Amino acid sequence: MVPCRACQRCLTGRYQSCPNRSIAHGVTGVDVEPSLYGGFAEHLYLTPNAVLHKIDASIPAEIAVMFNPLGAGVRWAAHLGGIGLGDTVLVLGAGQRGIASVIAARAAGAGTIITTGLAADEHKLALAREFGADHTLVVDGDDAVDTVERVREITDGEMADVVLELTPMAAAPVTDALLAARHGGTVVLAGLKGNREIPLRTDLVINRALTVRGAFGVDATAYAEAIALIESGRHPLEKLHTHTFGLADTALAIETLAGEVPGESAVHASVHPTS
C-alpha cells in the first residue's frame, strides 16, 4: 500500500490506515499509468511515497522476499498478540504466515506453541515443528483431533494466552479460536473469509473477557523487525523456500503455490525475472 505521508494517520505511523492511499503495488491495474505496479516484471515503478526498507544485498532474493510473510508473523504474533515470555500460543493455519507466526512467537519468548493444519499440510506442519512449534494438530481426515480439547489437554485446562486465526475461508476455526483462548486471553483474526458473514458467539467474548483484534496489513515497524530476523541468520529460512521459477513460468508458480500442480508440495515460491 502506498500512503500519502501527510495525513494524521501517516504522521503517527499508521500508514496502512491512510484514507488517502490510491494505489498498491501488486494490486493496481495496468490501466493506471505507468502500469508497472506488479512484481512479475523486469521493472517495477515505485511511487515517491512508497515505503522502502534496506536489506543486506548478500541475502538471496528468494530469502529476502520472505520479509512479507515474516512481517505478518511479527505483527500478528508479537505486536497484536502481545506474546510474552512463557505464553502459550495457538496458531490456526500452517501456511507461510502460520509458520512465520511460529518463528515470531518463538522469537518473542513463547513457552508453548501449538499449530493446526490439514492432513495435506503435513509437510508444512513438519516445518512448523522445525521452526519451533511444540505440538502440531491435524484437524481433518481420519486422524483429525478436536482442536479445543487437545489444547485443553496440552495446557492442563489453562488454554492459550494468545490465539492467531489465520485460516482462509473456513468459519469453524473462528469459534475454535474463541473457545481455545484462556479467560482474559487475546484472539487475533487474520484469516480472510471472502466477505461472508461468520457466526460469532459474542457471549464467549464477553464471558471470557477476551480481547479480539483484527489484523489489517503489516506496518513498517513489523517489516523492519522481520528484515532484522532475516539478516540475523538465526533461522534456516531456506527450508521454507521450495520452488524457484523464471518470469516466463509465473502462471505455473502461482498454480504450484496454490496446490494445483499434482505431485508438488509448495510452501514458498519465488519468480526471478532474470532466470
# chains A, B, ... in the order shown; residues from 1 in each chain; ligands from 1

call {"tool": "residues_around", "arguments": {"residues": "region 84-92 of chain A", "least_positions_apart": "5", "cutoff": "7 Å", "atoms": "only C-alpha atoms", "output": "list in words"}}
result
Gly98, Ala108, Gly109, Ala110, Gly111, Thr112, Ile113, Ile114, Thr115, Thr116, Ala160, Asp161, Val162, Val163, Leu164, Glu165, Leu166 and Thr167 of chain A

call {"tool": "select_by_dssp", "arguments": {"residues": "region 35-137 of chain A", "states": "strand (DSSP E or B)", "output": "PyMOL selection string"}}
result
chain A and resi 88-92+112-117+135-137

call {"tool": "residues_around", "arguments": {"residues": "region 220-231 of chain A", "least_positions_apart": "6", "cutoff": "8 Å", "atoms": "only C-alpha atoms", "output": "number ranges by chain"}}
result
A: 15, 51, 53, 55-56, 59, 63-64, 67-68, 70-72, 74-75, 79, 237

call {"tool": "closest_residue", "arguments": {"among": "A:Asp142, A:Glu158, A:Asp134, A:Glu149", "to": "Asp176 (chain A)", "atoms": "only C-alpha atoms"}}
result
A:Glu149

call {"tool": "residues_around", "arguments": {"residues": "Ala128 (chain A)", "least_positions_apart": "5", "cutoff": "7 Å", "atoms": "only C-alpha atoms", "output": "number ranges by chain"}}
result
A: 99, 102, 133

call {"tool": "closest_residue", "arguments": {"among": "A:Met169, A:Val151, A:Leu240, A:Leu210", "to": "Phe131 (chain A)", "atoms": "only C-alpha atoms"}}
result
A:Leu240

call {"tool": "closest_residue", "arguments": {"among": "A:Gly217, A:Gly141, A:Ala126, A:Arg152", "to": "Ala24 (chain A)", "atoms": "only C-alpha atoms"}}
result
A:Gly217

call {"tool": "residues_around", "arguments": {"residues": "Pro273 (chain A)", "least_positions_apart": "4", "cutoff": "9 Å", "atoms": "only C-alpha atoms", "output": "NGL selection string"}}
result
:A and (40-43 or 245-248)

call {"tool": "write_last_selection", "arguments": {"atoms": "N, CA, C and O atoms", "output": "compact mmCIF listing (two decimals), in the first residue's frame"}}
result
# COMPACT_ATOMS: atom_id res chain seq x y z
N PHE A 40 5.80 -9.08 -11.08
CA PHE A 40 6.11 -10.09 -12.08
C PHE A 40 6.61 -9.45 -13.38
O PHE A 40 6.03 -9.63 -14.45
N ALA A 41 7.67 -8.69 -13.28
CA ALA A 41 8.21 -8.00 -14.46
C ALA A 41 9.67 -7.65 -14.20
O ALA A 41 10.15 -7.71 -13.07
N GLU A 42 10.37 -7.29 -15.27
CA GLU A 42 11.77 -6.91 -15.13
C GLU A 42 11.93 -5.60 -14.37
O GLU A 42 12.94 -5.34 -13.72
N HIS A 43 10.93 -4.73 -14.50
CA HIS A 43 11.00 -3.42 -13.85
C HIS A 43 9.75 -3.18 -13.01
O HIS A 43 8.67 -3.67 -13.32
N PHE A 245 11.10 -20.13 -9.93
CA PHE A 245 10.63 -20.10 -11.32
C PHE A 245 11.22 -18.90 -12.05
O PHE A 245 11.56 -17.88 -11.43
N GLY A 246 11.30 -19.00 -13.38
CA GLY A 246 11.66 -17.86 -14.19
C GLY A 246 10.41 -17.06 -14.50
O GLY A 246 9.28 -17.51 -14.28
N LEU A 247 10.60 -15.86 -15.03
CA LEU A 247 9.47 -14.97 -15.29
C LEU A 247 8.45 -15.59 -16.25
O LEU A 247 7.25 -15.41 -16.09
N ALA A 248 8.92 -16.36 -17.22
CA ALA A 248 8.01 -16.96 -18.20
C ALA A 248 7.08 -17.99 -17.57
O ALA A 248 6.04 -18.33 -18.13

call {"tool": "select_by_dssp", "arguments": {"residues": "region 8-254 of chain A", "states": "alpha helix (DSSP H)", "output": "PyMOL selection string"}}
result
chain A and resi 8-11+61-64+67-73+96-107+122-130+147-154+172-180+202-207+220-232+250-254

call {"tool": "residues_around", "arguments": {"residues": "Val267 (chain A)", "least_positions_apart": "4", "cutoff": "10 Å", "atoms": "only C-alpha atoms", "output": "list of chain:residue names"}}
result
A:Ala94, A:Gly95, A:Gln96, A:Ile99, A:Asp121, A:His123, A:Lys124, A:Leu127, A:Lys239, A:Leu240, A:His241, A:Thr242, A:His243, A:Thr256, A:Leu257, A:Ala258, A:Gly259

call {"tool": "closest_residue", "arguments": {"among": "A:Leu189, A:Pro34, A:Arg201, A:Ala120", "to": "Glu264 (chain A)", "atoms": "only C-alpha atoms"}}
result
A:Ala120

call {"tool": "residues_around", "arguments": {"residues": "Gly185 (chain A)", "least_positions_apart": "2", "cutoff": "10 Å", "atoms": "only C-alpha atoms", "output": "PyMOL selection string"}}
result
chain A and resi 81+159-163+178+180-183+187+205+208-212

call {"tool": "closest_residue", "arguments": {"among": "A:Ala61, A:Pro69, A:Asn20, A:Glu238", "to": "His272 (chain A)", "atoms": "only C-alpha atoms"}}
result
A:Ala61

call {"tool": "closest_residue", "arguments": {"among": "A:Gln8, A:Ala50, A:Val2, A:Glu62", "to": "Thr28 (chain A)", "atoms": "only C-alpha atoms"}}
result
A:Val2

call {"tool": "atom_distance", "arguments": {"atom1": "CA of Val188 (chain A)", "atom2": "CA of Glu260 (chain A)"}}
result
29.1 Å

call {"tool": "atom_distance", "arguments": {"atom1": "CA of Ala266 (chain A)", "atom2": "CA of Ser232 (chain A)"}}
result
24.9 Å

call {"tool": "decode", "arguments": {"residues": "region 68-105 of chain A", "atoms": "N, CA and C atoms", "output": "PDB file, in the first residue's frame"}}
result
ATOM      1  N   ASN A  68       7.911 -10.318   3.680  1.00  0.00           N
ATOM      2  CA  ASN A  68       6.467 -10.122   3.667  1.00  0.00           C
ATOM      3  C   ASN A  68       5.743 -11.082   4.619  1.00  0.00           C
ATOM      4  N   PRO A  69       5.858 -12.407   4.446  1.00  0.00           N
ATOM      5  CA  PRO A  69       5.188 -13.292   5.410  1.00  0.00           C
ATOM      6  C   PRO A  69       5.755 -13.162   6.815  1.00  0.00           C
ATOM      7  N   LEU A  70       7.068 -12.942   6.944  1.00  0.00           N
ATOM      8  CA  LEU A  70       7.645 -12.776   8.276  1.00  0.00           C
ATOM      9  C   LEU A  70       7.133 -11.503   8.939  1.00  0.00           C
ATOM     10  N   GLY A  71       6.954 -10.450   8.139  1.00  0.00           N
ATOM     11  CA  GLY A  71       6.400  -9.219   8.685  1.00  0.00           C
ATOM     12  C   GLY A  71       5.007  -9.444   9.250  1.00  0.00           C
ATOM     13  N   ALA A  72       4.225 -10.256   8.544  1.00  0.00           N
ATOM     14  CA  ALA A  72       2.888 -10.588   9.032  1.00  0.00           C
ATOM     15  C   ALA A  72       2.986 -11.360  10.343  1.00  0.00           C
ATOM     16  N   GLY A  73       3.901 -12.319  10.399  1.00  0.00           N
ATOM     17  CA  GLY A  73       4.067 -13.089  11.630  1.00  0.00           C
ATOM     18  C   GLY A  73       4.457 -12.211  12.806  1.00  0.00           C
ATOM     19  N   VAL A  74       5.377 -11.288  12.567  1.00  0.00           N
ATOM     20  CA  VAL A  74       5.817 -10.381  13.631  1.00  0.00           C
ATOM     21  C   VAL A  74       4.661  -9.506  14.108  1.00  0.00           C
ATOM     22  N   ARG A  75       3.944  -8.919  13.160  1.00  0.00           N
ATOM     23  CA  ARG A  75       2.852  -8.017  13.559  1.00  0.00           C
ATOM     24  C   ARG A  75       1.726  -8.765  14.260  1.00  0.00           C
ATOM     25  N   TRP A  76       1.301  -9.896  13.686  1.00  0.00           N
ATOM     26  CA  TRP A  76       0.172 -10.603  14.245  1.00  0.00           C
ATOM     27  C   TRP A  76       0.501 -11.255  15.584  1.00  0.00           C
ATOM     28  N   ALA A  77       1.658 -11.895  15.677  1.00  0.00           N
ATOM     29  CA  ALA A  77       2.000 -12.613  16.904  1.00  0.00           C
ATOM     30  C   ALA A  77       2.534 -11.677  17.984  1.00  0.00           C
ATOM     31  N   ALA A  78       3.574 -10.926  17.646  1.00  0.00           N
ATOM     32  CA  ALA A  78       4.246 -10.127  18.662  1.00  0.00           C
ATOM     33  C   ALA A  78       3.540  -8.810  18.953  1.00  0.00           C
ATOM     34  N   HIS A  79       3.154  -8.073  17.898  1.00  0.00           N
ATOM     35  CA  HIS A  79       2.581  -6.750  18.114  1.00  0.00           C
ATOM     36  C   HIS A  79       1.102  -6.808  18.509  1.00  0.00           C
ATOM     37  N   LEU A  80       0.278  -7.461  17.699  1.00  0.00           N
ATOM     38  CA  LEU A  80      -1.150  -7.521  18.007  1.00  0.00           C
ATOM     39  C   LEU A  80      -1.447  -8.561  19.084  1.00  0.00           C
ATOM     40  N   GLY A  81      -0.766  -9.698  19.027  1.00  0.00           N
ATOM     41  CA  GLY A  81      -0.994 -10.734  20.027  1.00  0.00           C
ATOM     42  C   GLY A  81      -0.369 -10.404  21.364  1.00  0.00           C
ATOM     43  N   GLY A  82       0.687  -9.587  21.346  1.00  0.00           N
ATOM     44  CA  GLY A  82       1.346  -9.211  22.596  1.00  0.00           C
ATOM     45  C   GLY A  82       1.971 -10.383  23.325  1.00  0.00           C
ATOM     46  N   ILE A  83       2.504 -11.341  22.586  1.00  0.00           N
ATOM     47  CA  ILE A  83       3.089 -12.534  23.201  1.00  0.00           C
ATOM     48  C   ILE A  83       4.223 -12.157  24.145  1.00  0.00           C
ATOM     49  N   GLY A  84       4.196 -12.755  25.326  1.00  0.00           N
ATOM     50  CA  GLY A  84       5.226 -12.510  26.331  1.00  0.00           C
ATOM     51  C   GLY A  84       5.947 -13.786  26.700  1.00  0.00           C
ATOM     52  N   LEU A  85       6.943 -13.664  27.553  1.00  0.00           N
ATOM     53  CA  LEU A  85       7.743 -14.815  27.962  1.00  0.00           C
ATOM     54  C   LEU A  85       6.873 -15.899  28.587  1.00  0.00           C
ATOM     55  N   GLY A  86       7.013 -17.112  28.073  1.00  0.00           N
ATOM     56  CA  GLY A  86       6.309 -18.255  28.644  1.00  0.00           C
ATOM     57  C   GLY A  86       4.881 -18.436  28.188  1.00  0.00           C
ATOM     58  N   ASP A  87       4.367 -17.557  27.344  1.00  0.00           N
ATOM     59  CA  ASP A  87       2.973 -17.664  26.906  1.00  0.00           C
ATOM     60  C   ASP A  87       2.728 -18.922  26.081  1.00  0.00           C
ATOM     61  N   THR A  88       1.503 -19.415  26.182  1.00  0.00           N
ATOM     62  CA  THR A  88       1.055 -20.498  25.312  1.00  0.00           C
ATOM     63  C   THR A  88       0.353 -19.874  24.118  1.00  0.00           C
ATOM     64  N   VAL A  89       0.780 -20.261  22.912  1.00  0.00           N
ATOM     65  CA  VAL A  89       0.270 -19.661  21.681  1.00  0.00           C
ATOM     66  C   VAL A  89      -0.318 -20.752  20.792  1.00  0.00           C
ATOM     67  N   LEU A  90      -1.510 -20.505  20.280  1.00  0.00           N
ATOM     68  CA  LEU A  90      -2.144 -21.407  19.330  1.00  0.00           C
ATOM     69  C   LEU A  90      -2.208 -20.708  17.985  1.00  0.00           C
ATOM     70  N   VAL A  91      -1.640 -21.342  16.954  1.00  0.00           N
ATOM     71  CA  VAL A  91      -1.658 -20.804  15.599  1.00  0.00           C
ATOM     72  C   VAL A  91      -2.553 -21.691  14.743  1.00  0.00           C
ATOM     73  N   LEU A  92      -3.688 -21.163  14.326  1.00  0.00           N
ATOM     74  CA  LEU A  92      -4.619 -21.925  13.488  1.00  0.00           C
ATOM     75  C   LEU A  92      -4.288 -21.658  12.031  1.00  0.00           C
ATOM     76  N   GLY A  93      -3.674 -22.649  11.370  1.00  0.00           N
ATOM     77  CA  GLY A  93      -3.253 -22.490   9.978  1.00  0.00           C
ATOM     78  C   GLY A  93      -1.753 -22.647   9.851  1.00  0.00           C
ATOM     79  N   ALA A  94      -1.331 -23.468   8.869  1.00  0.00           N
ATOM     80  CA  ALA A  94       0.094 -23.788   8.737  1.00  0.00           C
ATOM     81  C   ALA A  94       0.673 -23.362   7.408  1.00  0.00           C
ATOM     82  N   GLY A  95       0.147 -22.268   6.849  1.00  0.00           N
ATOM     83  CA  GLY A  95       0.713 -21.750   5.611  1.00  0.00           C
ATOM     84  C   GLY A  95       1.962 -20.935   5.880  1.00  0.00           C
ATOM     85  N   GLN A  96       2.402 -20.172   4.887  1.00  0.00           N
ATOM     86  CA  GLN A  96       3.588 -19.325   5.059  1.00  0.00           C
ATOM     87  C   GLN A  96       3.480 -18.458   6.300  1.00  0.00           C
ATOM     88  N   ARG A  97       2.353 -17.790   6.454  1.00  0.00           N
ATOM     89  CA  ARG A  97       2.200 -16.859   7.558  1.00  0.00           C
ATOM     90  C   ARG A  97       1.975 -17.566   8.875  1.00  0.00           C
ATOM     91  N   GLY A  98       1.442 -18.779   8.828  1.00  0.00           N
ATOM     92  CA  GLY A  98       1.335 -19.563  10.050  1.00  0.00           C
ATOM     93  C   GLY A  98       2.710 -19.956  10.568  1.00  0.00           C
ATOM     94  N   ILE A  99       3.557 -20.423   9.656  1.00  0.00           N
ATOM     95  CA  ILE A  99       4.919 -20.792  10.039  1.00  0.00           C
ATOM     96  C   ILE A  99       5.696 -19.547  10.471  1.00  0.00           C
ATOM     97  N   ALA A 100       5.484 -18.438   9.762  1.00  0.00           N
ATOM     98  CA  ALA A 100       6.140 -17.180  10.138  1.00  0.00           C
ATOM     99  C   ALA A 100       5.707 -16.749  11.537  1.00  0.00           C
ATOM    100  N   SER A 101       4.449 -16.990  11.872  1.00  0.00           N
ATOM    101  CA  SER A 101       3.958 -16.649  13.209  1.00  0.00           C
ATOM    102  C   SER A 101       4.604 -17.521  14.274  1.00  0.00           C
ATOM    103  N   VAL A 102       4.883 -18.771  13.927  1.00  0.00           N
ATOM    104  CA  VAL A 102       5.606 -19.655  14.856  1.00  0.00           C
ATOM    105  C   VAL A 102       6.996 -19.090  15.122  1.00  0.00           C
ATOM    106  N   ILE A 103       7.673 -18.666  14.049  1.00  0.00           N
ATOM    107  CA  ILE A 103       9.016 -18.095  14.186  1.00  0.00           C
ATOM    108  C   ILE A 103       8.964 -16.848  15.063  1.00  0.00           C
ATOM    109  N   ALA A 104       7.987 -15.978  14.802  1.00  0.00           N
ATOM    110  CA  ALA A 104       7.869 -14.738  15.561  1.00  0.00           C
ATOM    111  C   ALA A 104       7.509 -15.000  17.015  1.00  0.00           C
ATOM    112  N   ALA A 105       6.617 -15.968  17.238  1.00  0.00           N
ATOM    113  CA  ALA A 105       6.222 -16.301  18.610  1.00  0.00           C
ATOM    114  C   ALA A 105       7.395 -16.847  19.400  1.00  0.00           C
TER     115      ALA A 105
END
